[in-house]
Amino acid sequence: MIFSFDGKLVRAIVNQYGMPTEAVMYKSGYSGIMLNYQYIDRYRFVFQLPDSTYQDASLLEHHMKKWYHSGERLTIKYLPLTASFYPIIIDINE
Amino acid sequence: MKKRVLFVPLFIGLIFFNSCDRVKKAFHETFSDENQRQEELSDAFNNPNSGTRNGKDEVGREKTIEDAMKELRTIINEHDNVFDKQQMEKVEEMVKKEMEKWGNTEFFLLFQPDKLDKIQEELYLFLNTDEVMLYSSPIFVDYDRVRVVAVNPKNKSEVDWYSYETKTDKWRKQEPKKLSKNDLEHMDKNIYPFSTIKLSTAHQVYTEALKRLADIEGGELPSGPTYYHNRQLWSMILRGSRADYKFEADKDGNVIKFEMN
């Protein structure tokens, strides 16, 4: 499942109601988007849901405040109700 | 009439059973894919650097960083090692750092002038033309890809981005470049033949930049030079921990500027 989002409101909602968990950045690659002549990469994260299944989600490079290397573990928050069909995550350390 | 009455339930039955098969098949396909996906995600979560998943689109995962560094030394030696010992150590250190940062081992394009020339030739084949005309947008030559804006040989009023990536080893057409009425009216002034520049000059510019970067504290491996047709020069920013530097070379790769930003 792929998503991208921006905006303070969404971030505030995820911060307030999100479920914290550990995620791993496992892949990055060109997203197909160009911005100001620059290729924008998409970073994919995987995390575990309470039913022990795994879910992936992604963030676009220009929505992130820091770089992640492959295999880097981070604590994220995700919205439980949207996790299985439209996962929205934030890196809580950003 | 009786026959018709018999055919109706038979027909409905056939559709029903046919639908069931499709439902079964769809169910099977959906859930077997889901199982496979879960396995891949589990592997990604538990062994993020195992390199066993998505082999096709994971850039260079099958190659270890040590293998890639050996390959880098071989490539640099093949092309008349232009670095002295200290510079070489610094280049290796910067390349290794980038490889570890991105989990990517494809950092060699700018060390291979012959490959850059071949890539240039391949665009002619890709566009099936004797002369590729470039639009006066910058040419980006990065350590793993080349990007140019070229005119469609079959329709001179269409201009598109084309990119070559080392992971696919081929050119592909990307998004169109939006033109204005003014751009179209001055099309002849805005385009120039690709043959007037050599992509391998990017190698010369890059190595000259790396030599200087070796003396800069905390130097970061630059992605590659950019060619500006309107100024007829190659340009790069060299980033260090204490200062950044502007590096420029002329069309033929002769250094014309190296100064602190």
# chains A, B, ... in the order shown; residues from 1 in each chain; ligands from 1
>>> closest_atom_pairs(of="chain A", to="chain B", cutoff="12 Å", atoms="only C-alpha atoms", output="Markdown table")
| residue | atom | partner | partner_atom | distance |
| --- | --- | --- | --- | --- |
| A:Met1 | CA | B:Arg37 | CA | 11.1 |
| A:Glu22 | CA | B:Phe45 | CA | 9.5 |
| A:Ala23 | CA | B:Phe45 | CA | 7.4 |
| A:Val24 | CA | B:Phe45 | CA | 5.9 |
| A:Met25 | CA | B:Pro48 | CA | 7.9 |
| A:Tyr26 | CA | B:Pro48 | CA | 5.8 |
| A:Lys27 | CA | B:Glu58 | CA | 7.2 |
| A:Ser28 | CA | B:Trp102 | CA | 8.1 |
| A:Gly29 | CA | B:Val59 | CA | 8.3 |
| A:Tyr30 | CA | B:Asp57 | CA | 10.6 |
| A:Gly32 | CA | B:Gln174 | CA | 8.7 |
| A:Ile33 | CA | B:Glu175 | CA | 9.2 |
| A:Met34 | CA | B:Glu175 | CA | 8.9 |
| A:Leu35 | CA | B:Glu175 | CA | 11.8 |
| A:Asn36 | CA | B:Pro138 | CA | 11.6 |
| A:Tyr37 | CA | B:Pro138 | CA | 8.8 |
| A:Gln38 | CA | B:Phe140 | CA | 9.6 |
| A:Tyr39 | CA | B:Arg147 | CA | 10.1 |
| A:Asp41 | CA | B:Trp102 | CA | 11.4 |
| A:Tyr43 | CA | B:Trp102 | CA | 10.7 |
| A:Arg44 | CA | B:Ala44 | CA | 10.2 |
| A:Phe45 | CA | B:Phe45 | CA | 8.6 |
| A:Val46 | CA | B:Phe45 | CA | 6.0 |
| A:Phe47 | CA | B:Phe45 | CA | 6.8 |
| A:Gln48 | CA | B:Phe45 | CA | 8.2 |
| A:Leu49 | CA | B:Ser42 | CA | 11.4 |
| A:Ser52 | CA | B:Ser42 | CA | 9.7 |
| A:Thr53 | CA | B:Gln38 | CA | 6.9 |
| A:Tyr54 | CA | B:Leu41 | CA | 6.0 |
| A:Gln55 | CA | B:Leu41 | CA | 7.2 |
| A:Asp56 | CA | B:Leu41 | CA | 7.3 |
| A:Ala57 | CA | B:Leu41 | CA | 10.9 |
| A:Trp67 | CA | B:Lys101 | CA | 8.6 |
| A:Tyr68 | CA | B:Lys101 | CA | 7.6 |
| A:His69 | CA | B:Lys101 | CA | 4.9 |
| A:Ser70 | CA | B:Gly103 | CA | 5.4 |
| A:Gly71 | CA | B:Pro48 | CA | 4.8 |
| A:Glu72 | CA | B:Pro48 | CA | 8.2 |
| A:Arg73 | CA | B:Phe45 | CA | 9.1 |
| A:Leu74 | CA | B:Phe45 | CA | 11.5 |
>>> select_by_dssp(residues="chain A", states="strand (DSSP E)", output="number ranges by chain")
A: 19-35, 38-48, 54-60, 73-78, 89-91
>>> closest_residue(among="B:Lys97, B:Lys211, B:Lys156, B:Lys167", to="Leu179 in chain B", atoms="only C-alpha atoms")
B:Lys156
>>> select_by_dssp(residues="chain A", states="helix (DSSP H, G or I)", output="ChimeraX atom specification")
/A:8-17,61-63,80-82
>>> residues_around(residues="Val132 in chain B", least_positions_apart="3", cutoff="10 Å", atoms="only C-alpha atoms", output="number ranges by chain")
B: 120-121, 123-125, 127-129, 135, 150-153, 191-195
>>> residues_around(residues="Ile237 in chain B", least_positions_apart="4", cutoff="7 Å", atoms="only C-alpha atoms", output="number ranges by chain")
B: 244-247
>>> write_last_selection(atoms="N, CA and C atoms", output="PDB file, in the first residue's frame")
ATOM      1  N   ASP B 244      31.205  24.932   1.543  1.00  0.00           N
ATOM      2  CA  ASP B 244      30.897  24.350   0.233  1.00  0.00           C
ATOM      3  C   ASP B 244      31.671  25.138  -0.822  1.00  0.00           C
ATOM      4  N   TYR B 245      31.958  24.475  -1.936  1.00  0.00           N
ATOM      5  CA  TYR B 245      32.762  25.094  -2.985  1.00  0.00           C
ATOM      6  C   TYR B 245      32.053  24.976  -4.332  1.00  0.00           C
ATOM      7  N   LYS B 246      32.228  26.010  -5.143  1.00  0.00           N
ATOM      8  CA  LYS B 246      31.694  25.971  -6.508  1.00  0.00           C
ATOM      9  C   LYS B 246      32.805  25.504  -7.433  1.00  0.00           C
ATOM     10  N   PHE B 247      32.477  24.518  -8.271  1.00  0.00           N
ATOM     11  CA  PHE B 247      33.472  23.961  -9.187  1.00  0.00           C
ATOM     12  C   PHE B 247      32.902  24.035 -10.596  1.00  0.00           C
TER      13      PHE B 247
END
>>> closest_residue(among="A:Arg42, A:Met19, A:Lys65, A:Ser31", to="Thr82 in chain A", atoms="only C-alpha atoms")
A:Met19
>>> residues_around(residues="range 252-255 of chain B", least_positions_apart="2", cutoff="10 Å", atoms="only C-alpha atoms", output="NGL selection string")
:B and (197-198 or 200-206 or 208-209 or 232-235 or 247-250 or 257-258)
>>> residues_around(residues="Ile88 in chain A", least_positions_apart="6", cutoff="12 Å", atoms="only C-alpha atoms", output="PyMOL selection string")
chain A and resi 1-6+10-15+17-20+45-47+55-59+76-82
>>> atom_distance(atom1="CA of Ala68 in chain B", atom2="CA of Pro222 in chain B")
17.9 Å
>>> atom_distance(atom1="CA of Asn190 in chain B", atom2="CA of Glu131 in chain B")
15.5 Å
>>> atom_distance(atom1="CA of Asp169 in chain B", atom2="CA of Pro113 in chain B")
15.3 Å
>>> decode(residues="range 68-87 of chain A", atoms="N, CA, C and O atoms", output="CSV table (one decimal), in the first residue's frame")
chain,number,residue,atom,x,y,z
A,68,TYR,N,17.2,8.3,5.5
A,68,TYR,CA,17.3,7.0,6.2
A,68,TYR,C,18.1,6.1,5.3
A,68,TYR,O,18.0,6.1,4.1
A,69,HIS,N,18.9,5.2,6.0
A,69,HIS,CA,19.6,4.2,5.2
A,69,HIS,C,18.9,2.9,5.2
A,69,HIS,O,18.1,2.7,6.2
A,70,SER,N,19.1,2.1,4.3
A,70,SER,CA,18.4,0.8,4.2
A,70,SER,C,18.7,0.0,5.4
A,70,SER,O,19.8,-0.2,5.9
A,71,GLY,N,17.6,-0.5,6.1
A,71,GLY,CA,17.8,-1.3,7.3
A,71,GLY,C,17.7,-0.5,8.5
A,71,GLY,O,17.7,-1.1,9.6
A,72,GLU,N,17.6,0.8,8.4
A,72,GLU,CA,17.5,1.7,9.6
A,72,GLU,C,16.1,1.4,10.3
A,72,GLU,O,15.1,1.4,9.7
A,73,ARG,N,16.2,1.3,11.6
A,73,ARG,CA,15.0,1.1,12.4
A,73,ARG,C,14.6,2.4,13.1
A,73,ARG,O,15.5,3.1,13.5
A,74,LEU,N,13.3,2.7,13.1
A,74,LEU,CA,12.9,3.9,13.6
A,74,LEU,C,11.5,3.7,14.3
A,74,LEU,O,10.9,2.7,14.1
A,75,THR,N,11.1,4.6,15.2
A,75,THR,CA,9.8,4.5,15.8
A,75,THR,C,8.9,5.4,15.1
A,75,THR,O,9.1,6.6,14.9
A,76,ILE,N,7.8,4.8,14.7
A,76,ILE,CA,6.8,5.5,13.9
A,76,ILE,C,5.5,5.5,14.7
A,76,ILE,O,5.3,4.8,15.6
A,77,LYS,N,4.5,6.4,14.2
A,77,LYS,CA,3.2,6.3,14.7
A,77,LYS,C,2.3,6.1,13.5
A,77,LYS,O,2.6,6.7,12.4
A,78,TYR,N,1.3,5.2,13.6
A,78,TYR,CA,0.4,5.0,12.5
A,78,TYR,C,-1.0,5.1,13.0
A,78,TYR,O,-1.3,4.8,14.1
A,79,LEU,N,-1.9,5.4,12.1
A,79,LEU,CA,-3.4,5.4,12.4
A,79,LEU,C,-3.9,4.0,12.3
A,79,LEU,O,-4.0,3.5,11.2
A,80,PRO,N,-4.4,3.4,13.4
A,80,PRO,CA,-4.8,2.0,13.4
A,80,PRO,C,-6.0,1.8,12.4
A,80,PRO,O,-6.0,0.8,11.7
A,81,LEU,N,-6.9,2.7,12.3
A,81,LEU,CA,-8.1,2.5,11.5
A,81,LEU,C,-7.7,2.5,10.0
A,81,LEU,O,-8.4,1.9,9.2
A,82,THR,N,-6.7,3.1,9.6
A,82,THR,CA,-6.3,3.2,8.2
A,82,THR,C,-5.2,2.3,7.8
A,82,THR,O,-4.9,2.1,6.7
A,83,ALA,N,-4.7,1.6,8.8
A,83,ALA,CA,-3.4,0.8,8.6
A,83,ALA,C,-3.5,-0.2,7.5
A,83,ALA,O,-2.6,-0.4,6.8
A,84,SER,N,-4.7,-0.9,7.5
A,84,SER,CA,-4.7,-2.1,6.5
A,84,SER,C,-5.0,-1.6,5.1
A,84,SER,O,-4.8,-2.4,4.2
A,85,PHE,N,-5.6,-0.4,4.9
A,85,PHE,CA,-5.9,0.0,3.5
A,85,PHE,C,-5.2,1.2,3.1
A,85,PHE,O,-5.0,1.4,1.9
A,86,TYR,N,-4.8,2.1,4.0
A,86,TYR,CA,-4.2,3.4,3.6
A,86,TYR,C,-3.3,3.8,4.7
A,86,TYR,O,-3.6,4.8,5.4
A,87,PRO,N,-2.2,3.1,4.9
A,87,PRO,CA,-1.4,3.4,6.1
A,87,PRO,C,-0.8,4.8,6.1
A,87,PRO,O,-0.2,5.2,5.1
